[in-house]
Structure formats: structure tokens, C-alpha cells
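Novice: Quick one: the structure is below, questions incoming.
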There are 2 protein chains.
Amino acid sequence: MKAESVRPDRLADMSTTPAPPDSAVRTFIQNHRSAFLADLAAWLRIPSVSADPGRAGEVRRSAEWLAGKLRETGFPAVEIWETPGAPAVFAEWPSGDPGAPTVLVYGHHDVQPAALGDGWHSEPFEPVERDGRLYARGAADDKGQVFFHTLGVRAHLAATGRTAPAVNLKLLIEGEEESGSPHFPALVGAHAERLACDVALVSDTGMWDRETPTVCTGMRGLTDCQIDLYGPDQDVHSGSFGGAVPNPATEAARLAAALHDEDHKVTLPGFYDGVIELTDEERALFAELPFDEDAWLRTAHSHAPLGEEGYTTLERVWARPTAEVNGIGGGYQGPGGKTIVPAQAQLKLSFRTVAGQDADKIQQTVRTWVAERLPAGIRHEIIFWGATRPCLAPLGHPALQSVTRAMGRAFGTSVRFTREGGSGPAADLQDLLDVPVLFLGISIPSDGWHAPNEKVELDLLFKGVETTAYLWGDLAAHWSAD
Amino acid sequence: MKAESVRPDRLADMSTTPAPPDSAVRTFIQNHRSAFLADLAAWLRIPSVSADPGRAGEVRRSAEWLAGKLRETGFPAVEIWETPGAPAVFAEWPSGDPGAPTVLVYGHHDVQPAALGDGWHSEPFEPVERDGRLYARGAADDKGQVFFHTLGVRAHLAATGRTAPAVNLKLLIEGEEESGSPHFPALVGAHAERLACDVALVSDTGMWDRETPTVCTGMRGLTDCQIDLYGPDQDVHSGSFGGAVPNPATEAARLAAALHDEDHKVTLPGFYDGVIELTDEERALFAELPFDEDAWLRTAHSHAPLGEEGYTTLERVWARPTAEVNGIGGGYQGPGGKTIVPAQAQLKLSFRTVAGQDADKIQQTVRTWVAERLPAGIRHEIIFWGATRPCLAPLGHPALQSVTRAMGRAFGTSVRFTREGGSGPAADLQDLLDVPVLFLGISIPSDGWHAPNEKVELDLLFKGVETTAYLWGDLAAHWSAD
């Protein structure tokens, strides 16, 4: 299903009262809670940082650990899938029921870089449970959210007396999501037959807050790059040469500064071409959410909002394309001063895209734009780490109704809709497998994704387990009915 | 003598043939060459990096080492002068001749930071002699140029049979020059009576090239600062929050980019107020120097010139005020990408000033300019490391004739005039002691000041020794005559 065809045409009606919880499911979860958490902690101890070439072995160890655990869970087929980079894990558990729908669950086992010195209160790869939360790099993004599926399917079997799930269940857990999933499209393409499904379910997103379960309907895309600038062949004295030779730190700053205009719109030529704009209805739905800007700023650890003119904060982070400086560096950064013209500077930029934008075109525009702006005497190199496409889910799809019902039943309340500002390879599944992509995540904004002291709320983690315990039966029942 | 009163009114006439060298001087220097170099190497082994608080002890050790060596040289009075920062060394050797002029030699014993990993071919604090050059941090800037005075005064005594120099000789060797000399004005003010002199001679500059001895007639001033910018309280996910909160790395880049206009003129309001512009005569003299832009670019390790419109490269580095980005840093700078909005960024800026500018006013302008440009949600701090005033020497002064004659005699050729783009506390001597300031330096542009692989050319180093061996007698003779 192509991005253009998945615009919401009608919104799911979620005004019905949720079904009561299943006590068999809850009892099963309660009985397996400790073992589940111990297993998750063991996985979190593996520092599977895909952006760090020095930790490639740890990413592989993470894949092998997960494969073993999925076999223990009961998946009859579990495989490590190699890529030119980090390996993915694939698992398959056929339903056995004729006509059962096939669901492909997507997540990732790699994590963002993390070091104690970045502001962590405890070692990022030594999980700590405190005040009902589990702190560790990857607790929420994404190991915790992958892992709730393992206990969820067992609870589904235990409560229904089945020996195989009500749906044909497939899992694809990749190892390069935090590096922009450079090999994911090729991986999906190569294994398209094994991955064939009716719907993809991404568990790598969040919900509104502790009290407001929500289903995400879209993600932004991402393409990011590093621009290295070279001026003098070595640092030179700014008294002797300053003011008469080009300075790569100045040029890096000029590039970064020129990315936005006064209205905080991105200035790259053609950047907004093709953007599928928000409809009035979507903007109204967003506006109905219990958004508290002060509270949001606290989760953003920020002291004021700032962004594109003409859009609300939610619209900016969920539905607007952006350009962001992730890192800049050049010259002397030690204590005190050093009066040099630096030899080198570096800029790390990321671009968030929305449905309708073309990342290839944006990359080409950046290359041209940078080359045109640099003066003689500054050499440069640009590396794009990859591109993850944006994604929009079909709000009218019956499987979305099932996800929303299962989540409402687990949480005991009505479910609302959001989008996700972050990025994931969901669009590759959507495009390459030609299926609708749905999102099931239980993380909340304060979980600290990509930040120090990442954590997951344990009660929400087990709501995720419970949601999936209900989901497969609901989906099978309503799939055939629709 | 105030800066306004030292504009060149007439240029020294240096067309006369230099006097022949004194063989007694040359023999003395030759006989003491090895011991001199061994002593200098011992001093260069002391990593007296004043910008690094962790090396304060080394700066003190450097001062004590020098004080001991000056006592050995014969100075009857040698003292360590304390400051709130690093100590200076003062030495005094009265002439005994009635009416002898008093000369105060200025230099510094602290050095720039240096580490092998910056691109040094050998340890920066382990001097290596190779191909007639001595490689070490401080070899040229400024330990080598301070040290030639020790052998110079001994050669002067040996060749003339005197037991005390022909001038009242004072040395003031400070320990904070590479940190902007924050306590130097107070030090000079506190010891003004001991420092009283007829002329100050600064040995912390260079000459045109190996074949073209020159006397420097002015230095630029310097004021430099660090601007710390704080956005989110911690790094946050650029997918979840990017495009909706202020980014301190972007703001640092915007400040750096806004420092210059399209003509590479500094945009700070009032920055050029009061600048004493070059006269047509000075511009013509500069233009007569054998300037080879390609060769200059090689010494600048740069691949193209770039600077203020309307000025030549020499004018840009010698006589024009500038703003330079010495360092910029913020966000993720490790391998690969990290999609964050960073919590902090930092900018290190230096401003070179010329006679007529007011550093206090520039500092205040920077503070206002930065505060006005930053959006809500970005907190900032600015620290100015200090200010060194610009300096212009009186070209018509008889002492300048002596310096030029002594240098011409040592080198056996005519001497020309330059300025120095770098900065030193010369202007404090000029202003606080109310004396003319002259410059005697033998370093050349390729010596790598503030850069990896700093070195001094040994033959030029001994020309410095020889120049001072002639200078004191010439100065005493012509002082009384004038």
C-alpha cells in the first residue's frame, strides 16, 4: 500500500466501551512476571550499539540471545538473517487455522550509544529497577517493546488453550534501526516471500501518556548525514593567519545557520515539494488531545518551544519535516582559549521527512547546496548514513480496529490517535510488502529515548504484554468477519 | 606614549650599508653554542601551558628554571613575581655608566597547548634537533626568543671587555601570554617603579623570511571569549522533539555565521569605530615586500585566501581587525550518527584589534549582541579570557634605528619593516610605562606558532643572539648622541 493511498478517509469509531479483562491472561502474566523481567535485564546488558563499529560483536550477540529466547518462547522457526551490516532475527509461528491472517511484528534489537559520562545515574548497560521503572539503554527503545511480544503470545495460548497463535505470527527484529536501517530495504526485498503478510505491526513507538493510551497512525522518515570540512592542513595561528584564510569552523556554522529562515522553515530548495499536508480534520483531532505545553516542555527537558511558523508544537513534531543539527565540532574545545584557525570542522545533520517527500532528492539537494555555498580553500565530504521513509497508516483498516480494541481492553479505557515524530523502517514494510502498517507501542514521552537514563514503566510494559495477548484472537475473529 | 601619538611620521632610513660583523662576538657565540642549546632544550622540556589549569605547576617550574639561568648569566638581581595566575620572572643588570639608557626586554615563558595526537611528528615537550632546526612547543614562541638574550648579553660583555652591559638591562618574562595576559597590566602597574625604562623591547615576534630580516612596527590586540549555550537540560530525541524546541548547536552556528557579512567584514555594531586606518604610504611599503601569495598560503597551510574585501592579504593579517571562530562544539561528535537535539553547545571566538579600537567596548558589544540574538529557551554564559591591547611603534625613534642597525649588522643585509598580526602585551608596556615599544624577533612564518611541529631555525636563533650582542652598545652610543 503506497503512502498516497493510506490517507485517512474515515476515522475508526472508538466510542464503544472496552471489553472486560480476561483473568486467565492476567494471572498468567502475573505468574511469569519475575522471569520475564530477569530475561529482559539479561538482554539489556548486551550493549548492542549499531552506530559504533567497535560494538559490532555485541550487536551480533544481542541477535543470538534473542533468537535463543524466541525458540524458548515456542516459535518453531527462528533464524538469524545476515546483512552487510548487523544481523536481524526472524521468527515464524504458523497458526494452523485455515484462513488465519498473517501478522508481521517489527522491532529492533540495536540501541543508541550511551555512556555513564553523558549524565546517566547508573551504568546504561546495567539495568536497574527503581520506583516501578526499569532503567537501561534500550529499555523502551526498543528491547522492552520487542520483548513484551514473547510473554504476550504465551499468555494468548495459555488463556485460549491453543497450541499455536490464532494468527500466523512472524517477527522481524532488525539490528540497524539506530543507524538508519541502511540494509533493511534490501533485507526485506531479499526475504519478501518469507515476510509475506496481511498486515505489519510495528512495536517501536509510544503512547500519549500514562493515562491516555493511544494508537500511532504515522511516523516521520529520516535521512541524516555527516559533513566534514577541511581548511588549512593543520591548525594555524589566528594572529598570523586569521582573517585571511577560510575557516572550516566558520563555514560549518554558516551551513548550519543557513538551514532555516527566520520563520524556522527549512531553506533547502524544494525541501517541501510533495509534502502531504495535514487536513483540517487531523489538525482538529490533534488539537483535542489533552496537550499541556508546560508538561510537554518538561518531557522535552526544554525551556521554551521554537519551530516552524504557522504550526502547533504537536504538528511540528508529528507531521512537519524538519532539519536538525545533531552535532557540530571544529577547532579547540578544551579548557581555556586557543587562538587558532582550525584545520577541520564537522557537522552532523538529520532531516525528518513526511509522506510525499523524496529522501533521495533531499540528499542530492543537500550535496548541491553545500558544494555551492563553500568558498575556495574549503574541501568537503558528505556521507549520508541512510534514509528511512515516512509512513502513514490507513485509519479505516479493520486491523487498526483490532489493535485499538485490544489496547482499550488491556488499559480499561478508550483509545485515541496520535502520530510519531520519530522514524522507523515501517515505510519499507509498507512499500516493499505492500501491506498496511499499524503501530503498537507502550512507551511514554518521559522514557528518555536516545537520552541519558532511558527507562520503561513496568506497569505499561505489562499492558503491552496484555494487549498482544488479546490482539491475536481479536484480529483473527474480525479478519474473517470483514 | 599613547597609541594615538605613535603613528609613523617619518620612516627610518635604512639604506646605509650595515657595519661589518664583530669577530669577537661571533667567536664567543660559537664557543658557547652547544651549552646554550642544551640549556634551551632543558627549558623546552617543561610543559608550561598556561591555559591548562592542570599544568600550573609546570608554569611555575618554568619560571624558577629561568630565574636560575638568569642568575647564572650574571644578572645581579633576579626575582619571581607572583600574580593571581602564573608567575613572571624579573631580572635587572645595571650598566654602571652614568646616563646609560634603560631597556626593558619583554618575553614570555608560557606556551600554547600541544599534544602528540594533534599531528606532531615527535613529542612536543621533548625537543628534537633535525636539519638545523629545533622542534618543540615554545621553540619559537617564545622560549627560544627569550633565551637568545642570555647569550647575547654575555657576548656583548665578552667582546667589549665590560663587566656590565652598556645599557641598564631589565627583563620581564611573563607566564600568562598564551592565556591573554589577564594579570599583566596589574603586574606592570604594581611594579612600575622597578620597570621604569626609556624603551621597551619585545622579543615575541617574527621576521619576513630567512632572507629578509625585518623589524616589526606594530602588533594587533586580542580579546577572546567562550560562549556556552544551554538548551534542553539533556540531549533529547530529535524525532520526538526536533523542530519544536530550540537547539543550542544551531544557535551557536547562527552566532558564528552572523559575525561576518558577505564582504567578510565584522558585523558587530561599532566594531570598526576608532580604527586607525593604514596610510597610503604604509600600504605602499607593505606592497614593496617580496610577497608571494602561493608561498604565504603554504606557510598558512591553506589552499586559498579569504578575507575582508578591499584589503590585501598582508593588510588583512597585519592591520585589520578580525573576528575568528577558534572552536565550536555541540551535540554528538563520535562515530556515526545520533539523532538528538543537543543540550549544550560552545563557541570560542577571538577578536584581533588594531590601534584605536577599545576592547572593553567590543566585549560589551559582544555581550549585548549575543543576548539579543538568542531565542527564549536558550540560556547562555560568556567568559572573556582577557584583552591584550594593540600596539604601534614610533618609526622615527632613535632606538628603532639602533635595533635596525644591530640586526642589519648581524645579518649582513638591509632591514625592512613589517607588522605582526599576532598579539602581545606590548601595548600594556607602552601605556602603563609611557615608553616606546620596539620589536626584535627572529622567528619566521613557517615556525608553526600555536600549531603542531613548532620549531626554530638555529641559524636565525644565533642571529638573534648576535643582534643583541651589538644592540646594547649601539643603543648606548646613539642614545646619548641624540
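Every chain in the C-alpha cells takes a letter, A first, then B, and so on in the order presented; its residues are numbered from 1, and the ligands are numbered from 1 following the presented order.
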Just want the 8 Å neighbourhood of stretch 405-408 of chain B, counted on only C-alpha atoms, with same-chain residues fewer than 5 positions away dropped. Output as a VMD selection string.

Specialist: chain B and resid 14 18 to 19 213 413 to 415 463 to 464 467 to 468 470 to 471 474

Novice: Could you write those residues out with N, CA and C atoms, as a PDB file, in the first residue's frame?

Specialist:
ATOM      1  N   MET B  14      67.058  53.254   6.256  1.00  0.00           N
ATOM      2  CA  MET B  14      67.882  52.064   6.438  1.00  0.00           C
ATOM      3  C   MET B  14      68.679  51.734   5.182  1.00  0.00           C
ATOM      4  N   PRO B  18      75.276  47.941   6.143  1.00  0.00           N
ATOM      5  CA  PRO B  18      75.495  47.526   7.532  1.00  0.00           C
ATOM      6  C   PRO B  18      76.986  47.466   7.877  1.00  0.00           C
ATOM      7  N   ALA B  19      77.292  47.702   9.136  1.00  0.00           N
ATOM      8  CA  ALA B  19      78.674  47.590   9.617  1.00  0.00           C
ATOM      9  C   ALA B  19      79.115  46.131   9.534  1.00  0.00           C
ATOM     10  N   PRO B 213      65.515  39.988   6.751  1.00  0.00           N
ATOM     11  CA  PRO B 213      65.328  40.431   8.130  1.00  0.00           C
ATOM     12  C   PRO B 213      64.470  41.693   8.161  1.00  0.00           C
ATOM     13  N   THR B 413      72.854  42.485   5.912  1.00  0.00           N
ATOM     14  CA  THR B 413      71.984  42.941   4.822  1.00  0.00           C
ATOM     15  C   THR B 413      71.073  44.038   5.348  1.00  0.00           C
ATOM     16  N   SER B 414      70.360  44.711   4.420  1.00  0.00           N
ATOM     17  CA  SER B 414      69.459  45.775   4.868  1.00  0.00           C
ATOM     18  C   SER B 414      68.211  45.172   5.505  1.00  0.00           C
ATOM     19  N   VAL B 415      67.571  45.976   6.314  1.00  0.00           N
ATOM     20  CA  VAL B 415      66.430  45.513   7.116  1.00  0.00           C
ATOM     21  C   VAL B 415      65.189  46.269   6.686  1.00  0.00           C
ATOM     22  N   LYS B 463      71.468  34.427  15.072  1.00  0.00           N
ATOM     23  CA  LYS B 463      71.441  35.812  14.600  1.00  0.00           C
ATOM     24  C   LYS B 463      70.762  36.701  15.646  1.00  0.00           C
ATOM     25  N   GLY B 464      69.793  36.148  16.324  1.00  0.00           N
ATOM     26  CA  GLY B 464      69.156  36.884  17.422  1.00  0.00           C
ATOM     27  C   GLY B 464      70.157  37.162  18.531  1.00  0.00           C
ATOM     28  N   THR B 467      72.507  39.857  17.220  1.00  0.00           N
ATOM     29  CA  THR B 467      71.872  41.179  17.169  1.00  0.00           C
ATOM     30  C   THR B 467      71.897  41.844  18.541  1.00  0.00           C
ATOM     31  N   THR B 468      71.539  41.078  19.574  1.00  0.00           N
ATOM     32  CA  THR B 468      71.531  41.703  20.913  1.00  0.00           C
ATOM     33  C   THR B 468      72.945  41.974  21.397  1.00  0.00           C
ATOM     34  N   TYR B 470      75.240  43.225  19.605  1.00  0.00           N
ATOM     35  CA  TYR B 470      75.577  44.549  19.052  1.00  0.00           C
ATOM     36  C   TYR B 470      74.677  45.649  19.602  1.00  0.00           C
ATOM     37  N   LEU B 471      73.468  45.271  19.939  1.00  0.00           N
ATOM     38  CA  LEU B 471      72.434  46.283  20.173  1.00  0.00           C
ATOM     39  C   LEU B 471      72.745  47.203  21.360  1.00  0.00           C
ATOM     40  N   ASP B 474      75.341  49.900  20.622  1.00  0.00           N
ATOM     41  CA  ASP B 474      74.823  50.856  19.637  1.00  0.00           C
ATOM     42  C   ASP B 474      73.801  51.785  20.278  1.00  0.00           C
TER      43      ASP B 474
END

Novice: List every residue of stretch 202-435 of chain A that DSSP, applied to the backbone, labels as alpha helix (DSSP H), and write the result as a PyMOL selection string.

Specialist: chain A and resi 238-241+248-258+280-288+293-299+313-319+359-373+398-411+426-432

Novice: Enumerate the residues of stretch 21-98 of chain A with a DSSP assignment of strand (DSSP E), computed from the backbone, and present them as a list in words.

Specialist: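 Answer for stretch 21-98 of chain A restricted to strand (DSSP E) is Ala77, Val78, Glu79, Ile80, Trp81, Ala88, Val89, Phe90, Ala91, Glu92 and Trp93 of chain A.
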
Novice: Output the selection as a compact mmCIF listing (two decimals), in the first residue's frame - C-alpha atoms for each residue.

Specialist:
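Output (result-v8.txt):
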# COMPACT_ATOMS: atom_id res chain seq x y z
CA ALA A 77 11.24 -21.44 13.20
CA VAL A 78 13.83 -18.90 14.32
CA GLU A 79 16.63 -17.66 12.07
CA ILE A 80 19.48 -15.13 12.13
CA TRP A 81 19.38 -13.14 8.90
CA ALA A 88 18.40 -9.34 12.07
CA VAL A 89 16.30 -12.02 13.77
CA PHE A 90 13.33 -13.65 12.05
CA ALA A 91 10.83 -15.94 13.78
CA GLU A 92 7.68 -17.61 12.50
CA TRP A 93 4.81 -19.41 14.27

Novice: A:Pro452: which residues within 10 Å, counting only C-alpha atoms, same-chain residues fewer than 5 positions away excluded, as an NGL selection string?

Specialist: (:A and (113-124 or 135-137 or 447)) or (:B and (234-236))

Novice: Would you mind exporting N, CA, C and O atoms of the selected residues as a PDB file, in the first residue's frame?

Specialist:
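Done, and the output landed in part_6.pdb:
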ATOM      1  N   PRO A 113      23.879   4.884  21.175  1.00  0.00           N
ATOM      2  CA  PRO A 113      25.064   4.972  22.043  1.00  0.00           C
ATOM      3  C   PRO A 113      24.674   5.470  23.440  1.00  0.00           C
ATOM      4  O   PRO A 113      23.670   6.178  23.591  1.00  0.00           O
ATOM      5  N   ALA A 114      25.442   5.090  24.441  1.00  0.00           N
ATOM      6  CA  ALA A 114      25.189   5.560  25.807  1.00  0.00           C
ATOM      7  C   ALA A 114      26.458   5.374  26.617  1.00  0.00           C
ATOM      8  O   ALA A 114      27.156   4.377  26.479  1.00  0.00           O
ATOM      9  N   ALA A 115      26.764   6.357  27.463  1.00  0.00           N
ATOM     10  CA  ALA A 115      27.929   6.261  28.351  1.00  0.00           C
ATOM     11  C   ALA A 115      27.586   6.948  29.658  1.00  0.00           C
ATOM     12  O   ALA A 115      26.846   7.947  29.671  1.00  0.00           O
ATOM     13  N   LEU A 116      28.105   6.402  30.735  1.00  0.00           N
ATOM     14  CA  LEU A 116      27.823   6.931  32.071  1.00  0.00           C
ATOM     15  C   LEU A 116      28.076   8.443  32.115  1.00  0.00           C
ATOM     16  O   LEU A 116      27.315   9.200  32.710  1.00  0.00           O
ATOM     17  N   GLY A 117      29.140   8.892  31.436  1.00  0.00           N
ATOM     18  CA  GLY A 117      29.525  10.300  31.463  1.00  0.00           C
ATOM     19  C   GLY A 117      28.534  11.233  30.792  1.00  0.00           C
ATOM     20  O   GLY A 117      28.615  12.450  30.947  1.00  0.00           O
ATOM     21  N   ASP A 118      27.571  10.688  30.049  1.00  0.00           N
ATOM     22  CA  ASP A 118      26.574  11.527  29.374  1.00  0.00           C
ATOM     23  C   ASP A 118      25.504  12.054  30.324  1.00  0.00           C
ATOM     24  O   ASP A 118      24.623  12.800  29.903  1.00  0.00           O
ATOM     25  N   GLY A 119      25.537  11.622  31.577  1.00  0.00           N
ATOM     26  CA  GLY A 119      24.531  12.087  32.522  1.00  0.00           C
ATOM     27  C   GLY A 119      23.668  10.971  33.082  1.00  0.00           C
ATOM     28  O   GLY A 119      22.657  11.227  33.735  1.00  0.00           O
ATOM     29  N   TRP A 120      24.044   9.735  32.846  1.00  0.00           N
ATOM     30  CA  TRP A 120      23.314   8.609  33.422  1.00  0.00           C
ATOM     31  C   TRP A 120      23.556   8.538  34.938  1.00  0.00           C
ATOM     32  O   TRP A 120      24.659   8.804  35.403  1.00  0.00           O
ATOM     33  N   HIS A 121      22.509   8.163  35.667  1.00  0.00           N
ATOM     34  CA  HIS A 121      22.659   7.991  37.117  1.00  0.00           C
ATOM     35  C   HIS A 121      23.223   6.616  37.459  1.00  0.00           C
ATOM     36  O   HIS A 121      23.687   6.385  38.566  1.00  0.00           O
ATOM     37  N   SER A 122      23.145   5.696  36.528  1.00  0.00           N
ATOM     38  CA  SER A 122      23.737   4.368  36.719  1.00  0.00           C
ATOM     39  C   SER A 122      24.216   3.883  35.354  1.00  0.00           C
ATOM     40  O   SER A 122      23.862   4.455  34.323  1.00  0.00           O
ATOM     41  N   GLU A 123      25.028   2.834  35.355  1.00  0.00           N
ATOM     42  CA  GLU A 123      25.587   2.316  34.110  1.00  0.00           C
ATOM     43  C   GLU A 123      24.465   2.014  33.112  1.00  0.00           C
ATOM     44  O   GLU A 123      23.516   1.297  33.436  1.00  0.00           O
ATOM     45  N   PRO A 124      24.538   2.552  31.891  1.00  0.00           N
ATOM     46  CA  PRO A 124      23.429   2.379  30.935  1.00  0.00           C
ATOM     47  C   PRO A 124      23.196   0.927  30.525  1.00  0.00           C
ATOM     48  O   PRO A 124      22.076   0.585  30.127  1.00  0.00           O
ATOM     49  N   TYR A 135      15.475   1.006  34.348  1.00  0.00           N
ATOM     50  CA  TYR A 135      16.392   1.942  33.687  1.00  0.00           C
ATOM     51  C   TYR A 135      17.490   1.187  32.951  1.00  0.00           C
ATOM     52  O   TYR A 135      18.202   0.379  33.553  1.00  0.00           O
ATOM     53  N   ALA A 136      17.643   1.454  31.669  1.00  0.00           N
ATOM     54  CA  ALA A 136      18.754   0.901  30.873  1.00  0.00           C
ATOM     55  C   ALA A 136      18.618   1.429  29.453  1.00  0.00           C
ATOM     56  O   ALA A 136      17.511   1.738  28.988  1.00  0.00           O
ATOM     57  N   ARG A 137      19.750   1.533  28.752  1.00  0.00           N
ATOM     58  CA  ARG A 137      19.681   1.864  27.330  1.00  0.00           C
ATOM     59  C   ARG A 137      18.948   0.737  26.615  1.00  0.00           C
ATOM     60  O   ARG A 137      19.306  -0.441  26.781  1.00  0.00           O
ATOM     61  N   ASP A 447      10.226   8.581  28.739  1.00  0.00           N
ATOM     62  CA  ASP A 447      11.088   7.392  28.808  1.00  0.00           C
ATOM     63  C   ASP A 447      12.538   7.656  28.389  1.00  0.00           C
ATOM     64  O   ASP A 447      13.402   6.805  28.605  1.00  0.00           O
TER      65      ASP A 447
ATOM     66  N   GLN B 234      19.015  18.014  28.915  1.00  0.00           N
ATOM     67  CA  GLN B 234      19.814  16.874  28.490  1.00  0.00           C
ATOM     68  C   GLN B 234      19.579  16.700  26.987  1.00  0.00           C
ATOM     69  O   GLN B 234      18.652  17.286  26.438  1.00  0.00           O
ATOM     70  N   ASP B 235      20.441  15.930  26.345  1.00  0.00           N
ATOM     71  CA  ASP B 235      20.205  15.618  24.939  1.00  0.00           C
ATOM     72  C   ASP B 235      18.834  14.951  24.818  1.00  0.00           C
ATOM     73  O   ASP B 235      18.508  14.069  25.619  1.00  0.00           O
ATOM     74  N   VAL B 236      18.045  15.350  23.827  1.00  0.00           N
ATOM     75  CA  VAL B 236      16.733  14.718  23.633  1.00  0.00           C
ATOM     76  C   VAL B 236      16.599  14.221  22.194  1.00  0.00           C
ATOM     77  O   VAL B 236      17.305  14.668  21.290  1.00  0.00           O
TER      78      VAL B 236
END

Novice: Neighbouring residues of A:Ala190 were defined as those with any atom within 12 Å, considering only C-alpha atoms; residues of the same chain fewer than 3 positions away were excluded. Please report them as a PyMOL selection string.

Specialist: chain A and resi 81-83+183-187+193-196+432-433

Novice: Store the residues picked out above in a file with C-alpha atoms, as a PDB file, in the first residue's frame.

Specialist:
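File written: out_22.pdb
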ATOM      1  CA  TRP A  81      19.381 -13.139   8.899  1.00  0.00           C
ATOM      2  CA  GLU A  82      22.675 -11.647   7.837  1.00  0.00           C
ATOM      3  CA  THR A  83      23.072  -8.224   6.219  1.00  0.00           C
ATOM      4  CA  HIS A 183      20.332  -2.555   4.755  1.00  0.00           C
ATOM      5  CA  PHE A 184      16.724  -3.015   5.794  1.00  0.00           C
ATOM      6  CA  PRO A 185      15.079  -2.440   2.403  1.00  0.00           C
ATOM      7  CA  ALA A 186      17.447  -4.949   0.781  1.00  0.00           C
ATOM      8  CA  LEU A 187      16.810  -7.417   3.604  1.00  0.00           C
ATOM      9  CA  GLU A 193       8.299 -14.326   0.347  1.00  0.00           C
ATOM     10  CA  ARG A 194       9.121 -15.346   3.907  1.00  0.00           C
ATOM     11  CA  LEU A 195       7.873 -11.970   5.125  1.00  0.00           C
ATOM     12  CA  ALA A 196       4.616 -12.062   3.151  1.00  0.00           C
ATOM     13  CA  LEU A 432       8.070  -3.466  -0.204  1.00  0.00           C
ATOM     14  CA  LEU A 433       5.471  -5.878   1.181  1.00  0.00           C
TER      15      LEU A 433
END

Novice: Might you pull out every residue within 7 Å of stretch 305-315 of chain B, with only C-alpha atoms counted and same-chain residues fewer than 3 positions away left off, and present them as a list in words?

Specialist: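 Counting only C-alpha atoms, the residues come to Gly243, Ala244, Val245 and Pro246 of chain A; Asp263, His264, Lys265, Trp318, Ala319 and Arg320 of chain B.
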
Novice: Excluding B:Asp228 and residues on its chain fewer than 4 positions from it, collect all residues at most 8 Å away from it, counting only C-alpha atoms, and give them as a PyMOL selection string.

Specialist: chain B and resi 344-347+380-382

Novice: Atoms to include: C-alpha atoms. Write the selected residues as a PDB file, in the first residue's frame.

Specialist:
ATOM      1  CA  GLN B 344      24.727  22.253  25.060  1.00  0.00           C
ATOM      2  CA  ALA B 345      26.998  23.959  22.600  1.00  0.00           C
ATOM      3  CA  GLN B 346      30.081  26.080  22.915  1.00  0.00           C
ATOM      4  CA  LEU B 347      31.749  28.730  20.833  1.00  0.00           C
ATOM      5  CA  HIS B 380      23.973  31.438  27.818  1.00  0.00           C
ATOM      6  CA  GLU B 381      27.176  32.417  29.578  1.00  0.00           C
ATOM      7  CA  ILE B 382      30.067  34.432  28.165  1.00  0.00           C
TER       8      ILE B 382
END

Novice: When you look at B:Leu70 with a cut-off of 12 Å (counting only C-alpha atoms), what residues show up, excluding the ones that are within fewer than 3 positions of it in the same chain? I need them as an NGL selection string.

Specialist: :B and (39 or 63-67 or 73-80 or 89-93 or 146-151 or 153-154 or 170-173)

Novice: Using only C-alpha atoms, can you tell me which of B:Phe241, B:Phe411, B:Phe286, B:Phe462 comes closest to chain A?

Specialist: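 Closest candidate: B:Phe241.
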